[in-house]
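Following: one structure in C-alpha cells, then a few remarks.
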Amino acid sequence: MTEIGKLVRVAGPVVVATGLERARLYNLVRVGRRQLIGEVIRLEGDEVVIQVYEETSGLQTGSVVEDTEAPLQVELGPGLLGQVFDGVQRPLPPLAVKDGKAFGEPFIRRGMKIAALPRDRTWQFVPVVAVGDVVGAGTVLGTVRETATFEHRVLVPPGVTGSVTKIEAGEATIDEPVVWVGDEPVAMMQRWPVRERRPAVRRLDPDAPLITGQRVVDTLFPVALGGAITIPGGFGTGKTVQEQSLAKWAAADVIVYIGCGERGNELTEVLKEFPELTDPRTGGPLMDRTILIANTSNMPVAAREASIYTGMTIAEYYRDQGYAALLLADSTSRWAEALREVSGRLEEMPGEEGFPAYLPSRLAEFYERAGSVQCLGGDREGSVTVVGAVSPPGADFSEPVTQYSMRLAGVFWALDTDLARRRHFPAIHWTRSFTLYDLGAWFDNHVAVDWEEQRRWALELLQQEEQLQSVVQLMGADVLAPTEQLVFLAGRMLREDFLQQSAFDDVDAFCPLDKQYQMLRIIRLAYETARRVVEAGTDPERLASLSVLADIARMRDWPPDEVGKRATALEARIIDEVEAV
Amino acid sequence: MTGRGLRVVEFQTVEYVSGPLLFLEGVHGVHYDETVEVVTPDGELRRGQVLEVDRGRAVIEVFAGTRGLDVASTRVRLGGDAARLGVGLGMLGRMFDGSGNAIDGGPPTLPESFWEVGGLAMNPAAREHPSEFIQTGVSAIDGLNTLVRGQKLPIFSGFGLPAAKLSAQIAANAQVAGAEEQSFVVVFAALGITHREASFFRRFIEDSGSLGRTVMFLNLADDPTIERLLTPRVALTAAEFLAFEKGHHVLVILTDMTNYCEALREVSTAREEIPGRRGYPGYMYTDLASLYERAGRIREHGGSITQLIILSMPDDDITHPIPDLTGYITEGQIVLSRELHRKGVEPPIDVLPSLSRLMNAGIGGDKTRSDHREVADQLYAFYAEGRDLRRLVAIVGEAALSETDRRALAFADDFEDRFIDQGNANRSIEETLDLAWDLLEPIADSELKRIHPETIAAYRGRKPATSPNS
Ligand SMILES: Nc1ncnc2c1ncn2[C@@H]1O[C@H](COP(=O)(O)OP(=O)(O)O)[C@@H](O)[C@H]1O
Ligand SMILES: [Mg+2]
C-alpha cells in the first residue's frame, strides 16, 4: 500500500504535506484530487516539501498526497525520436486531442495523464544474440528500425546480467518481453531516474570536433564531440537561432532540444520546419533524428527544472547505444531561475543574486554529464555534446550563471549585443569567445595541413584590428601606417565576408569545411598580396575600391561542389587586380 | 469579474492587514489562488485572491486596496473558485474597469460563459506558427521589423516619447493583405495610465470609426494599484474568447506594463520576499511570461491574438529589469529614441536595437516582396556603419574621413530623414521598399554586398510613386 498524506501548505509551485513518513528525497508524489505530479525536494521533521510539476491553482489544504515510492523516471525505448514532450515527458500532441479533433484542446489542463511512449504501437525486434549468450548491462540484444534510417539498439538495462534463456523475435510492443536473461524478462523499454547519470565503462578524451558547418564555430571556436559549450547573450543576440542551426546542421546522430522556460512559438517553429527539412546525413526528415522537450516560460516553473534532466537522460540513452547525441538547452538561465524560485519559496538562505548556494554544483552536474564514453556492454563509443544558452540579465556577463557556466564548459561563444544590433550574425564575438579544446591536429589531418596556422592568422589579425580601432578612436585614422590601414581592410573582409553567416540563406546556412578553408585562404591571400604592393609604396586607399572585393564578399554563395574551381579562379583575379594598382 | 462558488463560507478572523495584503487565520479547506470577497466594516465588497495557504492561515491580496479594513469586523467570503470573467460578444464597444465591471453606464453585457482569468498555458504542439504579414503603414516596422498576426511585440518607450500615438496609429492602420477579415478587434487595457492618455486613445479609436470593434479595460493612475495585476489577465481572457471562440483577429494593447511591474513589486515587498534585481521579485520573468505567452494562433482555429505592449524604460535604460525581462519573452521589440524624437523624427524608432523575431516568417515573395530580406539587411548594414562614423566624427572630426565614409554618413542622415521620419503618413509595403531602393540609388552595385546581383538587376532604380511624407 502506498502511503497517503495530507496537504497543509500551498505557495506557488511548492507545497507541503504531512503524514508521509516513508517518503524519500526525490520520490514522485501525486498531489490533490487531480493527482498532480510532484517531487519531494526536502524532508523536515514530519513535513515533506514537494515541488509540483503542474499548475497548483485550485489546490486545497487538507487534500490527499500520495507517495508513489519511486523517483521521477523517464521511459526509454523506440518511439522517442520525432516526439515532443513536456518537462516530465508527457507527449504534447496527444494532450491536445479532444473529441476526435487533433487540436480540440489547445490548452494544457491540470492533471492530464498520458504515457510517454505509446503502448499500442508495435516494433519489429531483430535479435542479435542467441540463446546461451552471456550478456550484461549495455549488451545489445537486438535492433529495431526506429525511423526509416535509424537503427535503435535494444540494450540490457543496467543491473541485469546472465545468459540468454529465451528470445522472441518479431513484432512486439515496447513493454512486452523480447529476451529473457536468466529468468529476467527484458522488454524494449526501460526506465531510468532522471537525476542519475547513466553508467558507462569510462570517459574518453575528446579529440574530434563536432562539425557544425558554421565558419565562426568550426574555424575559430570549435567544440569537441562530447564537449560542452555555453552561449551567453542578451535578448535578441542569437542564442536560439544558434541552437536551432546546430540542431539542423551539426553532425550528430540524435538531437535533444530542450526549450526550457522560453517561447512557445520557437518550439512550434521547430515542429513546423524540421519535418520538412532533409537531414543531409540520412536523406530522411530532420525531425526523425530530433526529440523536443518543451517547457515554455508559461508552463509550470518546477517542470522547467526537471526538463533539463529529462532531456539529458534521453541523450545519454542514445549515447549508450553508441551514437553521437547533441543536447541543446535553451535556456539554462531559466532553469537556474526555477531553482531560485523554488529555493525562495523554501525560504532558503540566498546566495549571489538570490540564487541558492547549490547553483554552482547543480550547473557542474549538468555540464559534467557531457562526454564521450566507451559504452557498457560492447565495443561502442558514444557521446553527449552539451550546449547551454545563458540569458544574463541586462546582457551583463558578470552574473552568476554566466560565470559558473564559463568555468565549466570547454567552449564559450560570447554573443554580443552590439554585433546583433548591426545585424552581424552569428554575433559570436571573436575576441571574447574561446575554446579550450585542442582540435588543430584533427583539422590539419582531415582538411588541410595549414588549417590551424591559418586559423591563428585570422585570430591574430582580428585582435590587431581591435587594438588599432581603439587607437583610431583616440587619435583618428591619420596616425596609421599604410600597412596598418590594410589591417582594417582585411579585418573587414574577415568579419563581413567570412564570420558573418546567415542562418536563413539557402546556400550559406551550412558551409562545408573545405569551403571554410578556401574562403579564409582567399582572404589571407588578398591581404598578403595587398601588403606586398603597399610595402612597395601603393596608397592603401586605392585598394579599397577594387572590384574583386565584391567577389570576395560573394564567396559565401559558391555552390559547395564548385569551391575548388572558383577559388582558383578568384585567386588569379586577386593577384592580377591588386598588382595592377 | 466574478467568482461562481457554490458553497460560500464566511470568516471573520482577520489576523492582520499589511500593505495590500490581508492575513486570515483559522480557515480550512482554502483553495490556493481562489478568488474571495472581502466585506469591509462599512459593508463595501472588494475582490481579493489567495496568494498562499499555510495550514489555517491564508494570505490574501486585495485588489481594491486595504484602506478602511480592520481586524475586528472585516469579513472574508471564500467560495473555492478561481477568478472569472463573464465573456460574450456584448463586450464589443464597451468600457470596463480594471476588474471587468462595466463602467460606461450601458446595459448588462449578457455573458455567454465565465472564463478563468488566470488563463492556461497553450500547448506548444497546438500552436500555429505566426506568419501573416501585418501592414502597419510604418516603414521602420513594415520594412525592417515586420509584424505578423499572432506576434507579441512591445514598444520600449520613455517618458514623453510618443508610444501611445504610435500604437494608436498601428491599431487604426493595421491590415492584412488578402485576408477575409482585414482589420482587428482591439482589446485595450490601460494599466495605471492617466485619464489624458486613456482619452487620447479613445478619441483616436472613435475618429477611426472602430469603437464598435473595441473593448476597453481601464485601470487608470488613480485606480487601485493592485487591481493592475488583474487588468491584463481580464483583458487577455476577453481577447481569448473573441479570438479562439469567435474567430476574430484581436489586437491587444497593454499600456503601460511598467506600472504593472511596480504593482507586482509592491505585493512582493509586502510579502517580504527576497527581492531580485532592483527590488523586483525573482519570479517576474515567469509572471510576465504568463501574460505575454497568451498571444498567438492555434492550429485549426480561426482567430489570433497579437499583442502590442507599451512600457516605459525607467531612465531610458534598456537594461532595466522591466524592458530586459520583457525583451527576453516577447518576439522582438520596437525601441523609441529620445535623440530621434528631439531631432523631430516621427515616429522616433531606433531600428538598431529594434527587432522582429518573426519577420522572416512574414516576408518574401508570396507575402511582401522577394527583395524584402536583402534590402532590409542592406539598410541595416549601411545605417549601422553611418551611426558608428557619427560617433567617430564626434571624436576626431570629419577631416579624416575617406570618400566611402562620407557617403555612409550621408546615408544615415538620409535614412532617418526620409525612411524613418514619415509623420502621419500611412505607407504601403511597396512604397516602403521602393523608398529603400531610392535611398540605395547613389551606391554602386559592388557595394551592395547584402543584395544578390539578380535582385539588384530586378529592383534597381525604383522610386516610391507617391510622396512618402505627409
Ligand atoms: N545566424 C543568424 N543569421 C541571421 N539572423 C540571425 C542569426 N542569429 C540571429 N539572427 C536574428 O536575430 C534574431 C534574434 O535571434 P534569437 O536567436 O531569437 O535571439 P535570442 O535567443 O538570443 O534572444 C532572430 O530573429 C534573427 O532575426
Ligand atoms: Mg532565445
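Scheme for the C-alpha cells: letters A, B, ... for chains in order shown; per-chain residue numbers from 1; ligand numbers from 1 in order shown.
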Chain B residues within 7 Å of chain A, counting only C-alpha atoms: which ones, as a ChimeraX atom specification? /B:28-34,52-55,120-129,274,276,282-283,286,289-290,293,299-300,319-320,324,327-329,352-353,380-381,384,392,396,400,446-447,449
Exercise answer, 9 Å around ligand 1 with only C-alpha atoms and all ligand atoms, as a PyMOL selection string: (chain A and resi 214+231-245+262+266+330-331+389-391+415+420-421+423-427+500-505+509) or (chain B and resi 327-329+331-332+355-360)
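Residues surrounding Leu433 of chain B within 8 Å are Gly143, His372, Val375, Ile429, Glu430, Ala436 and Trp437 of chain B [only C-alpha atoms; sequence separation below 3 positions excluded].
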Please save all heavy atoms of the selected residues as a PDB file, in the first residue's frame.
```
ATOM      1  N   GLY B 143       9.128  47.606 -43.032  1.00  0.00           N
ATOM      2  CA  GLY B 143      10.300  47.331 -43.846  1.00  0.00           C
ATOM      3  C   GLY B 143      11.368  46.573 -43.083  1.00  0.00           C
ATOM      4  O   GLY B 143      11.997  45.656 -43.612  1.00  0.00           O
ATOM      5  N   HIS B 372      12.686  41.844 -50.092  1.00  0.00           N
ATOM      6  CA  HIS B 372      12.500  42.429 -48.758  1.00  0.00           C
ATOM      7  C   HIS B 372      13.663  42.124 -47.791  1.00  0.00           C
ATOM      8  O   HIS B 372      14.262  43.031 -47.215  1.00  0.00           O
ATOM      9  CB  HIS B 372      11.174  41.920 -48.175  1.00  0.00           C
ATOM     10  CG  HIS B 372      10.696  42.698 -46.994  1.00  0.00           C
ATOM     11  ND1 HIS B 372       9.387  42.760 -46.623  1.00  0.00           N
ATOM     12  CD2 HIS B 372      11.356  43.451 -46.086  1.00  0.00           C
ATOM     13  CE1 HIS B 372       9.260  43.526 -45.552  1.00  0.00           C
ATOM     14  NE2 HIS B 372      10.448  43.941 -45.197  1.00  0.00           N
ATOM     15  N   VAL B 375      17.057  43.754 -48.907  1.00  0.00           N
ATOM     16  CA  VAL B 375      17.036  45.211 -48.799  1.00  0.00           C
ATOM     17  C   VAL B 375      17.122  45.623 -47.325  1.00  0.00           C
ATOM     18  O   VAL B 375      17.869  46.522 -46.956  1.00  0.00           O
ATOM     19  CB  VAL B 375      15.760  45.783 -49.454  1.00  0.00           C
ATOM     20  CG1 VAL B 375      15.561  47.242 -49.073  1.00  0.00           C
ATOM     21  CG2 VAL B 375      15.841  45.642 -50.959  1.00  0.00           C
ATOM     22  N   ILE B 429       3.564  48.638 -48.186  1.00  0.00           N
ATOM     23  CA  ILE B 429       4.854  47.956 -48.158  1.00  0.00           C
ATOM     24  C   ILE B 429       5.616  48.210 -49.462  1.00  0.00           C
ATOM     25  O   ILE B 429       6.843  48.351 -49.460  1.00  0.00           O
ATOM     26  CB  ILE B 429       4.691  46.443 -47.851  1.00  0.00           C
ATOM     27  CG1 ILE B 429       6.048  45.750 -47.750  1.00  0.00           C
ATOM     28  CG2 ILE B 429       3.824  45.733 -48.859  1.00  0.00           C
ATOM     29  CD1 ILE B 429       6.916  46.194 -46.607  1.00  0.00           C
ATOM     30  N   GLU B 430       4.899  48.311 -50.557  1.00  0.00           N
ATOM     31  CA  GLU B 430       5.532  48.647 -51.839  1.00  0.00           C
ATOM     32  C   GLU B 430       6.245  49.990 -51.745  1.00  0.00           C
ATOM     33  O   GLU B 430       7.389  50.141 -52.147  1.00  0.00           O
ATOM     34  CB  GLU B 430       4.465  48.734 -52.948  1.00  0.00           C
ATOM     35  CG  GLU B 430       3.955  47.402 -53.436  1.00  0.00           C
ATOM     36  CD  GLU B 430       4.925  46.723 -54.396  1.00  0.00           C
ATOM     37  OE1 GLU B 430       5.682  47.454 -55.080  1.00  0.00           O
ATOM     38  OE2 GLU B 430       4.946  45.479 -54.426  1.00  0.00           O
ATOM     39  N   ALA B 436      13.238  52.481 -50.058  1.00  0.00           N
ATOM     40  CA  ALA B 436      14.542  51.925 -49.694  1.00  0.00           C
ATOM     41  C   ALA B 436      15.466  51.906 -50.908  1.00  0.00           C
ATOM     42  O   ALA B 436      16.632  52.303 -50.824  1.00  0.00           O
ATOM     43  CB  ALA B 436      14.370  50.528 -49.122  1.00  0.00           C
ATOM     44  N   TRP B 437      14.944  51.489 -52.053  1.00  0.00           N
ATOM     45  CA  TRP B 437      15.774  51.463 -53.278  1.00  0.00           C
ATOM     46  C   TRP B 437      16.203  52.863 -53.663  1.00  0.00           C
ATOM     47  O   TRP B 437      17.306  53.065 -54.164  1.00  0.00           O
ATOM     48  CB  TRP B 437      15.025  50.781 -54.421  1.00  0.00           C
ATOM     49  CG  TRP B 437      15.094  49.294 -54.303  1.00  0.00           C
ATOM     50  CD1 TRP B 437      14.099  48.469 -53.889  1.00  0.00           C
ATOM     51  CD2 TRP B 437      16.238  48.465 -54.557  1.00  0.00           C
ATOM     52  NE1 TRP B 437      14.547  47.172 -53.871  1.00  0.00           N
ATOM     53  CE2 TRP B 437      15.846  47.138 -54.272  1.00  0.00           C
ATOM     54  CE3 TRP B 437      17.541  48.707 -54.980  1.00  0.00           C
ATOM     55  CZ2 TRP B 437      16.725  46.057 -54.424  1.00  0.00           C
ATOM     56  CZ3 TRP B 437      18.423  47.635 -55.125  1.00  0.00           C
ATOM     57  CH2 TRP B 437      18.007  46.331 -54.844  1.00  0.00           C
TER      58      TRP B 437
END
```
Go ahead and compute the interatomic distance for atom CA of Ala361 of chain B and atom CA of Glu374 of chain B, in Å to one decimal. 14.4 Å
Hey, what does DSSP flag as helix (DSSP H, G or I) within segment 303-352 of chain A? Can you give it to me as a VMD selection string? chain A and resid 303 to 320 332 to 345 352
Contacts of Gly386 of chain B at 9 Å or less, counting only C-alpha atoms, minus same-chain residues fewer than 6 places along, as an NGL selection string? :B and (405-413)
